file entry-v7.txt (compact mmCIF, C-alpha atoms and all ligand atoms)
# COMPACT_ATOMS: atom_id res chain seq x y z
CA MET A 1 -11.98 23.19 2.80
CA LYS A 2 -9.31 20.90 4.18
CA LEU A 3 -7.54 18.74 1.60
CA ALA A 4 -8.44 15.56 3.48
CA GLU A 5 -12.12 16.52 3.36
CA LYS A 6 -11.93 17.39 -0.31
CA ILE A 7 -10.41 13.98 -1.05
CA ARG A 8 -13.01 12.17 1.04
CA ARG A 9 -16.08 14.03 -0.03
CA GLY A 10 -15.27 14.83 -3.64
CA GLU A 11 -15.88 12.61 -6.57
CA ARG A 12 -13.72 9.49 -6.63
CA PRO A 13 -10.96 9.15 -7.64
CA PHE A 14 -9.17 12.27 -6.47
CA VAL A 15 -6.24 12.28 -8.88
CA VAL A 16 -2.76 13.58 -8.21
CA ALA A 17 -0.68 13.63 -11.38
CA GLY A 18 2.48 15.11 -12.82
CA PRO A 19 6.03 14.04 -13.55
CA CYS A 20 8.20 11.91 -11.32
CA SER A 21 10.78 14.71 -11.52
CA ALA A 22 10.73 18.30 -12.68
CA GLU A 23 13.22 18.33 -15.57
CA SER A 24 12.70 21.75 -17.18
CA GLU A 25 10.29 24.66 -16.95
CA GLU A 26 8.84 23.67 -20.29
CA GLN A 27 8.40 19.99 -19.35
CA VAL A 28 6.57 20.83 -16.11
CA MET A 29 4.30 23.41 -17.76
CA SER A 30 3.45 21.24 -20.77
CA ILE A 31 2.51 18.10 -18.80
CA CYS A 32 0.57 20.07 -16.21
CA LYS A 33 -1.44 21.85 -18.90
CA GLN A 34 -2.17 18.52 -20.58
CA ILE A 35 -3.40 16.74 -17.46
CA ALA A 36 -5.38 19.71 -16.17
CA LYS A 37 -7.80 19.11 -19.05
CA ASN A 38 -9.29 16.25 -17.05
CA ASP A 39 -11.57 17.21 -14.16
CA SER A 40 -10.42 14.28 -12.05
CA VAL A 41 -6.91 15.77 -11.80
CA GLN A 42 -7.05 17.94 -8.70
CA LEU A 43 -3.47 18.20 -7.53
CA LEU A 44 -0.25 18.61 -9.53
CA ARG A 45 2.85 16.75 -8.45
CA ALA A 46 6.51 17.02 -9.42
CA GLY A 47 9.61 15.74 -7.65
CA ILE A 48 12.11 18.50 -6.92
CA TRP A 49 14.43 16.56 -4.59
CA LYS A 50 14.58 12.89 -5.58
CA PRO A 51 15.52 10.29 -2.99
CA ARG A 52 17.17 7.87 -5.40
CA THR A 53 18.36 4.45 -4.36
CA ARG A 54 21.72 4.73 -6.17
CA PRO A 55 23.79 7.93 -6.04
CA ASN A 56 24.47 8.15 -9.74
CA SER A 57 20.77 8.38 -10.61
CA PHE A 58 19.21 11.78 -11.32
CA GLU A 59 18.63 13.34 -7.90
CA GLY A 60 16.35 16.19 -8.84
CA LEU A 61 17.12 19.76 -9.86
CA GLY A 62 16.39 21.19 -6.42
CA GLU A 63 15.10 24.65 -5.52
CA ILE A 64 15.48 26.10 -8.99
CA ALA A 65 12.55 23.93 -10.14
CA LEU A 66 10.09 25.02 -7.43
CA PRO A 67 8.77 28.09 -9.28
CA TRP A 68 8.19 25.96 -12.40
CA LEU A 69 5.69 23.83 -10.49
CA VAL A 70 4.13 26.83 -8.73
CA ASN A 71 3.68 28.62 -12.08
CA ALA A 72 2.13 25.52 -13.67
CA GLY A 73 -0.31 25.49 -10.74
CA LYS A 74 -1.23 29.13 -11.31
CA GLU A 75 -1.60 28.60 -15.05
CA THR A 76 -3.94 25.63 -14.60
CA ASN A 77 -5.62 26.86 -11.44
CA LEU A 78 -4.68 23.71 -9.57
CA PRO A 79 -2.85 23.26 -6.25
CA THR A 80 0.65 21.78 -6.26
CA THR A 81 2.56 19.22 -4.22
CA THR A 82 6.14 18.06 -3.87
CA GLU A 83 8.15 15.70 -1.69
CA VAL A 84 10.07 17.08 1.27
CA ALA A 85 12.64 15.08 3.19
CA ASN A 86 14.16 17.62 5.58
CA LYS A 87 13.77 21.08 7.14
CA LYS A 88 15.57 22.83 4.26
CA HIS A 89 13.17 21.31 1.73
CA VAL A 90 10.20 22.39 3.85
CA GLU A 91 11.41 25.97 4.10
CA ALA A 92 12.13 26.23 0.38
CA ALA A 93 8.80 24.65 -0.62
CA LEU A 94 6.82 26.95 1.68
CA LYS A 95 8.69 30.01 0.49
CA ALA A 96 7.99 29.13 -3.13
CA GLY A 97 4.27 28.70 -2.44
CA ILE A 98 3.77 24.93 -2.81
CA ASP A 99 0.27 24.10 -1.51
CA VAL A 100 0.61 20.53 -0.22
CA LEU A 101 3.68 18.60 0.95
CA TRP A 102 4.29 14.89 0.82
CA VAL A 103 6.65 12.70 2.80
CA GLY A 104 8.28 9.97 0.72
CA ALA A 105 8.56 6.29 1.55
CA ARG A 106 12.27 6.51 2.31
CA THR A 107 11.59 9.29 4.80
CA THR A 108 8.61 7.71 6.59
CA VAL A 109 10.92 4.90 7.73
CA ASN A 110 13.01 7.35 9.70
CA PRO A 111 11.33 8.85 12.79
CA PHE A 112 14.12 11.44 13.17
CA ALA A 113 13.50 12.76 9.67
CA VAL A 114 9.71 12.70 10.13
CA GLN A 115 10.07 14.59 13.41
CA GLU A 116 12.34 17.16 11.78
CA ILE A 117 9.75 17.84 9.08
CA ALA A 118 6.89 17.95 11.58
CA ASP A 119 8.83 20.40 13.78
CA ALA A 120 9.61 22.59 10.79
CA LEU A 121 5.87 22.83 10.11
CA LYS A 122 4.78 23.77 13.66
CA GLY A 123 2.22 26.57 13.50
CA ILE A 124 1.86 26.32 9.71
CA ASP A 125 -1.46 25.38 8.17
CA ILE A 126 -0.56 23.12 5.25
CA PRO A 127 -1.83 19.69 4.22
CA VAL A 128 0.65 16.81 4.32
CA MET A 129 0.38 13.46 2.54
CA ILE A 130 2.41 10.62 4.01
CA LYS A 131 3.57 7.69 1.91
CA ASN A 132 3.87 4.29 3.55
CA PRO A 133 7.38 3.38 4.73
CA VAL A 134 9.38 1.19 2.32
CA ASN A 135 9.12 -1.71 4.78
CA PRO A 136 5.72 -3.22 5.59
CA ASP A 137 5.33 -1.72 9.06
CA LEU A 138 1.91 -0.27 9.81
CA ASN A 139 3.05 1.19 13.14
CA LEU A 140 5.80 3.19 11.49
CA TRP A 141 3.23 4.66 9.10
CA LEU A 142 0.81 5.40 11.96
CA GLY A 143 3.65 6.89 13.98
CA ALA A 144 4.42 9.38 11.20
CA PHE A 145 0.81 10.64 11.25
CA GLU A 146 0.99 10.97 15.03
CA ARG A 147 4.20 13.00 14.85
CA PHE A 148 2.53 15.51 12.51
CA GLU A 149 -0.61 15.63 14.61
CA LYS A 150 1.42 16.35 17.74
CA ALA A 151 3.02 19.24 15.88
CA GLY A 152 -0.47 20.60 15.14
CA ILE A 153 -0.62 19.53 11.47
CA THR A 154 -4.01 17.85 11.16
CA ASP A 155 -4.88 18.03 7.47
CA LEU A 156 -3.37 14.66 6.56
CA ALA A 157 -3.79 12.00 3.91
CA ALA A 158 -2.07 8.67 3.27
CA ILE A 159 -0.39 7.49 0.08
CA HIS A 160 -0.01 3.76 -0.46
CA ARG A 161 2.98 3.11 -2.77
CA GLY A 162 3.83 -0.49 -1.95
CA PHE A 163 6.70 -2.12 -0.07
CA SER A 164 10.24 -3.06 -1.10
CA VAL A 165 11.06 -6.61 -2.02
CA TYR A 166 13.97 -8.28 -3.73
CA LYS A 167 13.36 -9.10 -7.40
CA HIS A 168 9.61 -9.55 -7.45
CA PRO A 169 8.43 -10.99 -10.77
CA LYS A 170 5.55 -8.55 -11.10
CA TYR A 171 5.81 -5.48 -8.91
CA ARG A 172 8.48 -2.91 -8.22
CA ASN A 173 7.02 -2.59 -4.72
CA VAL A 174 4.54 -5.22 -3.54
CA PRO A 175 1.16 -3.77 -2.63
CA ASN A 176 0.54 -5.79 0.59
CA TRP A 177 -3.03 -4.49 0.53
CA GLN A 178 -3.62 -5.66 4.09
CA ILE A 179 -1.42 -2.82 5.35
CA PRO A 180 -3.42 0.10 3.90
CA ILE A 181 -6.55 -1.83 4.91
CA GLY A 182 -5.07 -2.00 8.42
CA LEU A 183 -4.50 1.76 8.26
CA LYS A 184 -8.17 2.26 7.34
CA GLU A 185 -9.16 0.16 10.36
CA GLU A 186 -6.95 2.11 12.75
CA ARG A 187 -7.54 5.52 11.20
CA PRO A 188 -10.83 5.61 9.29
CA ASP A 189 -10.55 9.41 9.24
CA LEU A 190 -7.54 9.39 6.89
CA PRO A 191 -8.18 9.32 3.14
CA ILE A 192 -5.96 6.95 1.18
CA ILE A 193 -4.48 7.66 -2.21
CA CYS A 194 -2.97 4.74 -4.10
CA ASP A 195 0.23 5.31 -6.09
CA PRO A 196 0.15 2.55 -8.72
CA SER A 197 3.17 4.07 -10.48
CA HIS A 198 5.59 3.15 -7.70
CA ILE A 199 3.80 -0.11 -6.89
CA THR A 200 4.05 -1.46 -10.42
CA GLY A 201 7.10 0.27 -11.84
CA ARG A 202 5.56 -0.37 -15.29
CA ARG A 203 2.83 1.46 -17.12
CA ASP A 204 1.02 -1.64 -18.44
CA LEU A 205 -0.04 -2.57 -14.90
CA LEU A 206 -1.30 0.86 -13.82
CA LEU A 207 -4.94 0.19 -14.70
CA GLU A 208 -5.08 -3.16 -12.92
CA VAL A 209 -3.68 -1.75 -9.67
CA SER A 210 -5.75 1.45 -9.89
CA GLN A 211 -8.90 -0.64 -10.31
CA LYS A 212 -8.01 -2.75 -7.31
CA ALA A 213 -7.51 0.40 -5.22
CA MET A 214 -10.93 1.69 -6.31
CA ASP A 215 -12.52 -1.67 -5.45
CA LEU A 216 -10.96 -1.39 -2.00
CA ASP A 217 -12.65 2.01 -1.69
CA PHE A 218 -9.48 4.09 -1.70
CA GLU A 219 -10.28 7.71 -2.36
CA GLY A 220 -7.55 8.68 -4.79
CA LEU A 221 -4.75 7.86 -7.19
CA MET A 222 -1.31 9.37 -7.68
CA ILE A 223 -0.08 8.62 -11.20
CA GLU A 224 3.19 9.84 -12.67
CA THR A 225 2.78 11.56 -16.02
CA HIS A 226 5.35 12.94 -18.44
CA PRO A 227 5.17 14.60 -21.87
CA ASN A 228 7.54 11.96 -23.21
CA PRO A 229 7.65 9.10 -20.69
CA ASP A 230 10.37 7.00 -22.33
CA GLU A 231 12.74 9.95 -22.17
CA ALA A 232 12.06 10.71 -18.50
CA TRP A 233 15.12 11.28 -16.31
CA SER A 234 13.64 9.12 -13.55
CA ASP A 235 11.11 6.27 -13.44
CA ALA A 236 10.69 6.21 -17.24
CA ALA A 237 9.07 2.76 -17.42
CA GLN A 238 6.15 3.69 -15.17
CA GLN A 239 5.21 7.13 -16.46
CA VAL A 240 2.40 7.80 -18.93
CA THR A 241 1.43 10.75 -21.12
CA GLY A 242 -1.60 12.88 -20.35
CA ASP A 243 -3.61 10.79 -22.81
CA GLY A 244 -2.27 7.63 -21.19
CA LEU A 245 -3.57 8.91 -17.86
CA PHE A 246 -7.00 9.79 -19.29
CA ASP A 247 -7.16 6.36 -20.85
CA ILE A 248 -6.63 4.69 -17.48
CA LEU A 249 -9.16 6.96 -15.77
CA SER A 250 -11.79 6.32 -18.45
CA GLN A 251 -11.45 2.56 -18.09
CA LEU A 252 -11.84 2.52 -14.32
CA VAL A 253 -15.08 0.97 -13.13
CA MET A 254 -16.31 2.88 -10.11
CA ARG A 255 -18.33 0.78 -7.72
CA SER A 256 -20.37 2.05 -4.82
CA VAL A 257 -20.15 0.98 -1.19
CA GLU A 258 -23.88 1.71 -0.75
CA ILE A 259 -26.04 -1.44 -0.88
CA SER A 260 -29.76 -1.37 -1.82
CA GLU A 261 -32.30 -3.10 0.42
CA ASP A 262 -33.08 -5.85 -2.11
CA LEU A 263 -29.42 -6.58 -2.50
CA GLN A 264 -29.01 -6.58 1.27
CA VAL A 265 -31.45 -9.50 1.47
CA VAL A 266 -29.66 -11.59 -1.13
CA LEU A 267 -26.29 -10.74 0.35
CA LYS A 268 -27.49 -11.67 3.82
CA GLU A 269 -28.51 -15.11 2.62
CA LEU A 270 -25.16 -15.74 0.99
CA ARG A 271 -23.32 -14.42 4.02
CA THR A 272 -25.28 -16.73 6.30
CA LYS A 273 -24.23 -19.67 4.14
CA ILE A 274 -20.65 -18.50 4.29
CA SER A 275 -20.82 -18.12 8.01
CA ILE A 276 -22.06 -21.73 8.34
CA LEU A 277 -19.08 -22.86 6.29
CA ASP A 278 -16.78 -20.76 8.48
CA ASP A 279 -18.22 -22.52 11.54
CA ARG A 280 -17.38 -25.85 9.96
CA LEU A 281 -13.94 -24.65 8.98
CA PHE A 282 -13.16 -23.71 12.58
CA ASP A 283 -14.65 -26.93 13.96
CA ILE A 284 -12.34 -28.81 11.62
CA LEU A 285 -9.34 -26.71 12.60
CA GLY A 286 -10.09 -27.36 16.28
CA ALA A 287 -10.33 -31.10 15.64
CA ARG A 288 -7.12 -30.95 13.64
CA MET A 289 -5.28 -29.36 16.56
CA GLU A 290 -6.56 -32.08 18.92
CA LEU A 291 -5.05 -34.73 16.64
CA SER A 292 -1.91 -32.67 16.42
CA GLU A 293 -1.65 -32.72 20.21
CA GLU A 294 -1.93 -36.52 20.15
CA VAL A 295 0.98 -36.54 17.74
CA GLY A 296 2.81 -34.21 20.13
CA GLN A 297 2.20 -36.65 22.96
CA LEU A 298 3.77 -39.45 20.91
CA LYS A 299 6.74 -37.27 20.01
CA ARG A 300 7.20 -36.48 23.68
CA GLU A 301 7.06 -40.12 24.75
CA ASN A 302 9.54 -41.11 22.05
CA ASN A 303 11.74 -38.08 22.53
CA ILE A 304 11.61 -36.84 18.95
CA THR A 305 11.58 -33.27 17.69
CA ILE A 306 8.37 -31.41 17.02
CA LEU A 307 9.53 -30.24 13.62
CA GLN A 308 9.82 -33.06 11.12
CA GLN A 309 10.99 -31.02 8.17
CA GLU A 310 10.76 -33.68 5.45
CA HIS A 311 7.29 -34.74 6.47
CA TRP A 312 6.11 -31.15 6.46
CA GLN A 313 7.64 -30.49 3.01
CA ARG A 314 5.69 -33.49 1.68
CA VAL A 315 2.45 -32.26 3.27
CA ILE A 316 2.84 -28.80 1.71
CA ALA A 317 3.89 -30.15 -1.70
CA SER A 318 0.87 -32.43 -1.93
CA ARG A 319 -1.51 -29.63 -0.90
CA ILE A 320 -0.01 -27.29 -3.48
CA GLU A 321 -0.32 -29.98 -6.11
CA LYS A 322 -4.02 -30.36 -5.34
CA ARG A 323 -4.73 -26.65 -5.16
CA GLY A 324 -6.37 -26.62 -8.61
CA GLU A 325 -9.20 -28.81 -7.31
CA TYR A 326 -10.13 -26.08 -4.87
CA ARG A 327 -9.36 -23.17 -7.22
CA LEU A 328 -6.90 -21.68 -4.74
CA THR A 329 -3.65 -19.91 -5.56
CA GLN A 330 -0.32 -21.42 -4.63
CA GLN A 331 0.46 -18.41 -2.47
CA PHE A 332 -2.78 -18.78 -0.50
CA VAL A 333 -2.30 -22.52 0.03
CA ARG A 334 1.24 -21.88 1.19
CA GLN A 335 0.23 -19.12 3.62
CA LEU A 336 -2.69 -21.12 4.99
CA MET A 337 -0.62 -24.25 5.51
CA ASP A 338 2.15 -22.23 7.15
CA ALA A 339 -0.38 -20.68 9.53
CA ILE A 340 -1.85 -24.10 10.35
CA HIS A 341 1.63 -25.52 10.87
CA GLN A 342 2.62 -22.74 13.24
CA GLU A 343 -0.52 -23.18 15.30
CA SER A 344 0.05 -26.93 15.34
CA ILE A 345 3.64 -26.42 16.56
CA ARG A 346 2.30 -24.15 19.29
CA HIS A 347 -0.08 -26.90 20.46
CA GLN A 348 2.63 -29.56 20.34
CA THR A 349 5.10 -27.31 22.19
CA LYS A 350 2.56 -26.97 24.99
CA VAL A 351 2.14 -30.75 25.15
CA MET A 352 5.94 -31.26 25.16
CA ASN A 353 6.48 -28.88 28.02
CA THR A 354 3.69 -29.72 30.44
CA GLU A 355 4.31 -31.98 33.42
CA ASN A 356 2.71 -35.19 32.26
CA GLY A 357 2.30 -34.40 28.61
CA SER A 358 -1.42 -33.85 28.89
CA ASN A 359 -2.57 -30.49 27.75
CA GLU A 360 -5.24 -30.08 30.38
C1 LIG B 1 7.96 9.68 -5.99
O1 LIG B 1 6.76 9.80 -5.73
O2 LIG B 1 8.48 10.10 -7.02
C2 LIG B 1 8.81 8.91 -5.05
C3 LIG B 1 10.10 9.09 -4.93
O3 LIG B 1 8.09 8.00 -4.42
P1 LIG B 1 8.40 7.00 -3.21
O4 LIG B 1 8.69 7.85 -1.99
O5 LIG B 1 7.12 6.29 -3.12
O6 LIG B 1 9.55 6.12 -3.61
MN MN B 2 8.94 8.38 -9.24

call {"tool": "encode", "arguments": {"input": "entry-v7.txt", "output": "structure tokens", "more": "lines below"}}
Ligand code: PEP
Ligand code: MN
result
Amino acid sequence: MKLAEKIRRGERPFVVAGPCSAESEEQVMSICKQIAKNDSVQLLRAGIWKPRTRPNSFEGLGEIALPWLVNAGKETNLPTTTEVANKKHVEAALKAGIDVLWVGARTTVNPFAVQEIADALKGIDIPVMIKNPVNPDLNLWLGAFERFEKAGITDLAAIHRGFSVYKHPKYRNVPNWQIPIGLKEERPDLPIICDPSHITGRRDLLLEVSQKAMDLDFEGLMIETHPNPDEAWSDAAQQVTGDGLFDILSQLVMRSVEISEDLQVVLKELRTKISILDDRLFDILGARMELSEEVGQLKRENNITILQQEHWQRVIASRIEKRGEYRLTQQFVRQLMDAIHQESIRHQTKVMNTENGSNE
């Protein structure tokens, strides 16, 4: 059976686990044997070539470590996967007998590298998992799948590992859930595995992010595991032991997408109410834009700029201050007000630049 089908049809979550990096034969074997005790673990991972941000970090042991992972797979009767970033990696991984390849986030950003890997796999029947690019660009992610498909590689799955940001207070890579959701919309055929290890960068948040992924109906999880996480040569803060992994898996609440008929009725009622509120919301937004155009007309007549920065700062600040009354987060209020402001500017720009100021 194709890997993608196994991930989709099998019991959720489909778990990929293993160390960030292969460090020694003994380390790979011991962690793989530990995690294989749990039925959810269906694919063993280990990084052989590590695309590290800074050159003095541990960059992986390379080819010498491939047989360690392959042997751990044989010993536990589980398939294996590793990251490949160029043609040489592909050739070595295939020769060693790795079962599944994955393309890392730093590679997905580069169409030349993706094409090189896809070309190296022409005519070879092997599943490939593609991580999202480090930047939040859905098209780049989609493009990588298309490059593999054009090369005849059709057993594909997606890995969501979050997106780079500068000094985020919580995440190592922000999840931007709307991007994997966008991928689901564009490509409902592709299973999605969430990698909470690289999203969070810290083991205490793994459960929270894994749960969120399950609630968004992702099919799988990729979680880095290590016999002695604090001593790991890479990504120490985010790795967990085998028991740590089982602990997370046992606490996950799995919810179904199937809805019973009774529940359908209740849900329908609530959704109708929501839809009435949405109607009102849009009526109000329409009315707001009409007023905004009147303001635009005045600005035009008096030759003043559309953007009145200080006024807008005051509007936002007062909304944010009141957000508690509506039980909305600061981030949501900010994004909503920014969206409204942009639309309002668009309306006023139209008024400014039409012949007599009227928008008709
Ligand atoms: C990894 O999985 O160890 C890795 C390097 O991930 P990413 O490509 O998501 O940074
Ligand atoms: Mn890692």

call {"tool": "residues_around", "arguments": {"input": "entry-v7.txt", "residues": "segment 145-147 of chain A", "least_positions_apart": "6", "cutoff": "9 Å", "atoms": "all atoms listed in the file", "output": "list of chain:residue names"}}
result
A:Pro111, A:Val114, A:Gln115, A:Ala118, A:Asp119, A:Ile130, A:Ile153, A:Thr154, A:Leu156, A:Ala157, A:Ala158

call {"tool": "closest_atom_pairs", "arguments": {"input": "entry-v7.txt", "of": "segment 153-258 of chain A", "to": "segment 136-140 of chain A", "cutoff": "10 Å", "atoms": "all atoms listed in the file", "output": "tab-separated table"}}
result
residue	atom	partner	partner_atom	distance
A:Gly162	CA	A:Pro136	CA	8.2
A:Phe163	CA	A:Pro136	CA	5.8
A:Ser164	CA	A:Pro136	CA	8.1
A:Val165	CA	A:Pro136	CA	9.9
A:Val174	CA	A:Pro136	CA	9.4
A:Pro175	CA	A:Pro136	CA	9.4
A:Asn176	CA	A:Pro136	CA	7.6
A:Gln178	CA	A:Leu138	CA	9.6
A:Ile179	CA	A:Leu138	CA	6.1
A:Pro180	CA	A:Leu138	CA	8.0
A:Ile181	CA	A:Leu138	CA	9.9
A:Gly182	CA	A:Leu138	CA	7.3
A:Leu183	CA	A:Leu138	CA	6.9
A:Glu186	CA	A:Leu138	CA	9.6

call {"tool": "write_last_selection", "arguments": {"input": "entry-v7.txt", "atoms": "C-alpha atoms", "output": "PDB file, in the coordinates of the input"}}
result
ATOM      1  CA  GLY A 162       3.830  -0.490  -1.950  1.00  0.00           C
ATOM      2  CA  PHE A 163       6.700  -2.120  -0.070  1.00  0.00           C
ATOM      3  CA  SER A 164      10.240  -3.060  -1.100  1.00  0.00           C
ATOM      4  CA  VAL A 165      11.060  -6.610  -2.020  1.00  0.00           C
ATOM      5  CA  VAL A 174       4.540  -5.220  -3.540  1.00  0.00           C
ATOM      6  CA  PRO A 175       1.160  -3.770  -2.630  1.00  0.00           C
ATOM      7  CA  ASN A 176       0.540  -5.790   0.590  1.00  0.00           C
ATOM      8  CA  GLN A 178      -3.620  -5.660   4.090  1.00  0.00           C
ATOM      9  CA  ILE A 179      -1.420  -2.820   5.350  1.00  0.00           C
ATOM     10  CA  PRO A 180      -3.420   0.100   3.900  1.00  0.00           C
ATOM     11  CA  ILE A 181      -6.550  -1.830   4.910  1.00  0.00           C
ATOM     12  CA  GLY A 182      -5.070  -2.000   8.420  1.00  0.00           C
ATOM     13  CA  LEU A 183      -4.500   1.760   8.260  1.00  0.00           C
ATOM     14  CA  GLU A 186      -6.950   2.110  12.750  1.00  0.00           C
TER      15      GLU A 186
END

call {"tool": "axis_aligned_box", "arguments": {"input": "entry-v7.txt", "around": "ligand LIG 1 (chain B)", "padding_each_side": "6 Å", "output": "AutoDock Vina command-line options"}}
result
--center_x 8.4 --center_y 8.1 --center_z -4.5 --size_x 15.3 --size_y 16.0 --size_z 17.0

call {"tool": "atom_distance", "arguments": {"input": "entry-v7.txt", "atom1": "atom CA of Arg202 of chain A", "atom2": "atom CA of Phe218 of chain A"}}
result
20.8 Å

call {"tool": "closest_atom_pairs", "arguments": {"input": "entry-v7.txt", "of": "segment 88-131 of chain A", "to": "segment 24-46 of chain A", "cutoff": "12 Å", "atoms": "all atoms listed in the file", "output": "Markdown table"}}
result
| residue | atom | partner | partner_atom | distance |
| --- | --- | --- | --- | --- |
| A:Ala93 | CA | A:Ala46 | CA | 11.9 |
| A:Ile98 | CA | A:Arg45 | CA | 10.0 |
| A:Asp99 | CA | A:Leu43 | CA | 9.2 |
| A:Val100 | CA | A:Leu43 | CA | 8.7 |
| A:Leu101 | CA | A:Arg45 | CA | 9.6 |
| A:Trp102 | CA | A:Arg45 | CA | 9.6 |
| A:Pro127 | CA | A:Leu43 | CA | 12.0 |
| A:Met129 | CA | A:Arg45 | CA | 11.7 |

call {"tool": "closest_atom_pairs", "arguments": {"input": "entry-v7.txt", "of": "chain A", "to": "ligand MN 2 (chain B)", "cutoff": "9 Å", "atoms": "all atoms listed in the file", "output": "JSON lines"}}
result
{"residue": "A:Pro19", "atom": "CA", "partner": "B:MN2", "partner_atom": "MN", "distance": 7.7}
{"residue": "A:Cys20", "atom": "CA", "partner": "B:MN2", "partner_atom": "MN", "distance": 4.2}
{"residue": "A:Ser21", "atom": "CA", "partner": "B:MN2", "partner_atom": "MN", "distance": 7.0}
{"residue": "A:Ala46", "atom": "CA", "partner": "B:MN2", "partner_atom": "MN", "distance": 9.0}
{"residue": "A:Gly47", "atom": "CA", "partner": "B:MN2", "partner_atom": "MN", "distance": 7.6}
{"residue": "A:Lys50", "atom": "CA", "partner": "B:MN2", "partner_atom": "MN", "distance": 8.1}
{"residue": "A:Ser197", "atom": "CA", "partner": "B:MN2", "partner_atom": "MN", "distance": 7.3}
{"residue": "A:His198", "atom": "CA", "partner": "B:MN2", "partner_atom": "MN", "distance": 6.4}
{"residue": "A:Gly201", "atom": "CA", "partner": "B:MN2", "partner_atom": "MN", "distance": 8.7}
{"residue": "A:Glu224", "atom": "CA", "partner": "B:MN2", "partner_atom": "MN", "distance": 6.9}
{"residue": "A:Ser234", "atom": "CA", "partner": "B:MN2", "partner_atom": "MN", "distance": 6.4}
{"residue": "A:Asp235", "atom": "CA", "partner": "B:MN2", "partner_atom": "MN", "distance": 5.2}
{"residue": "A:Ala236", "atom": "CA", "partner": "B:MN2", "partner_atom": "MN", "distance": 8.5}
{"residue": "A:Gln238", "atom": "CA", "partner": "B:MN2", "partner_atom": "MN", "distance": 8.1}
{"residue": "A:Gln239", "atom": "CA", "partner": "B:MN2", "partner_atom": "MN", "distance": 8.2}

call {"tool": "write_last_selection", "arguments": {"input": "entry-v7.txt", "atoms": "C-alpha atoms", "output": "JSON list (two decimals), in the coordinates of the input"}}
result
[["chain", "number", "residue", "atom", "x", "y", "z"],
["A", 19, "PRO", "CA", 6.03, 14.04, -13.55],
["A", 20, "CYS", "CA", 8.20, 11.91, -11.32],
["A", 21, "SER", "CA", 10.78, 14.71, -11.52],
["A", 46, "ALA", "CA", 6.51, 17.02, -9.42],
["A", 47, "GLY", "CA", 9.61, 15.74, -7.65],
["A", 50, "LYS", "CA", 14.58, 12.89, -5.58],
["A", 197, "SER", "CA", 3.17, 4.07, -10.48],
["A", 198, "HIS", "CA", 5.59, 3.15, -7.70],
["A", 201, "GLY", "CA", 7.10, 0.27, -11.84],
["A", 224, "GLU", "CA", 3.19, 9.84, -12.67],
["A", 234, "SER", "CA", 13.64, 9.12, -13.55],
["A", 235, "ASP", "CA", 11.11, 6.27, -13.44],
["A", 236, "ALA", "CA", 10.69, 6.21, -17.24],
["A", 238, "GLN", "CA", 6.15, 3.69, -15.17],
["A", 239, "GLN", "CA", 5.21, 7.13, -16.46]]

call {"tool": "atom_distance", "arguments": {"input": "entry-v7.txt", "atom1": "atom CA of Thr200 of chain A", "atom2": "atom CA of Arg172 of chain A"}}
result
5.2 Å

call {"tool": "atom_distance", "arguments": {"input": "entry-v7.txt", "atom1": "atom CA of Phe58 of chain A", "atom2": "atom CA of Ala22 of chain A"}}
result
10.8 Å

call {"tool": "closest_residue", "arguments": {"input": "entry-v7.txt", "among": "A:Glu343, A:Pro51, A:Val109, A:Ala237", "to": "Leu285 of chain A", "atoms": "all atoms listed in the file"}}
result
A:Glu343

call {"tool": "residues_around", "arguments": {"input": "entry-v7.txt", "residues": "Gln335 of chain A", "least_positions_apart": "5", "cutoff": "12 Å", "atoms": "only C-alpha atoms", "output": "number ranges by chain"}}
result
A: 316, 319-320, 328-330, 340-342

call {"tool": "residues_around", "arguments": {"input": "entry-v7.txt", "residues": "Lys95 of chain A", "least_positions_apart": "5", "cutoff": "10 Å", "atoms": "only C-alpha atoms", "output": "JSON, numbers by chain"}}
result
{"A": [66, 67, 89, 90]}

call {"tool": "build_atoms", "arguments": {"input": "entry-v7.txt", "residues": "segment 14-19 of chain A", "atoms": "N, CA, C and O atoms", "output": "mmCIF file, in the coordinates of the input"}}
result
data_model
loop_
_atom_site.group_PDB
_atom_site.id
_atom_site.type_symbol
_atom_site.label_atom_id
_atom_site.label_comp_id
_atom_site.auth_asym_id
_atom_site.auth_seq_id
_atom_site.Cartn_x
_atom_site.Cartn_y
_atom_site.Cartn_z
ATOM 1 N N PHE A 14 -9.887 10.992 -6.557
ATOM 2 C CA PHE A 14 -9.170 12.270 -6.470
ATOM 3 C C PHE A 14 -7.800 11.975 -7.088
ATOM 4 O O PHE A 14 -7.071 11.127 -6.586
ATOM 5 N N VAL A 15 -7.479 12.655 -8.186
ATOM 6 C CA VAL A 15 -6.240 12.280 -8.880
ATOM 7 C C VAL A 15 -5.122 13.294 -8.670
ATOM 8 O O VAL A 15 -5.320 14.503 -8.848
ATOM 9 N N VAL A 16 -3.974 12.777 -8.283
ATOM 10 C CA VAL A 16 -2.760 13.580 -8.210
ATOM 11 C C VAL A 16 -1.904 13.118 -9.383
ATOM 12 O O VAL A 16 -1.664 11.925 -9.534
ATOM 13 N N ALA A 17 -1.478 14.055 -10.229
ATOM 14 C CA ALA A 17 -0.680 13.630 -11.380
ATOM 15 C C ALA A 17 0.390 14.673 -11.679
ATOM 16 O O ALA A 17 0.329 15.811 -11.200
ATOM 17 N N GLY A 18 1.358 14.244 -12.481
ATOM 18 C CA GLY A 18 2.480 15.110 -12.820
ATOM 19 C C GLY A 18 3.719 14.253 -12.914
ATOM 20 O O GLY A 18 3.674 13.056 -12.633
ATOM 21 N N PRO A 19 4.831 14.865 -13.303
ATOM 22 C CA PRO A 19 6.030 14.040 -13.550
ATOM 23 C C PRO A 19 6.676 13.518 -12.277
ATOM 24 O O PRO A 19 6.530 14.115 -11.213
#
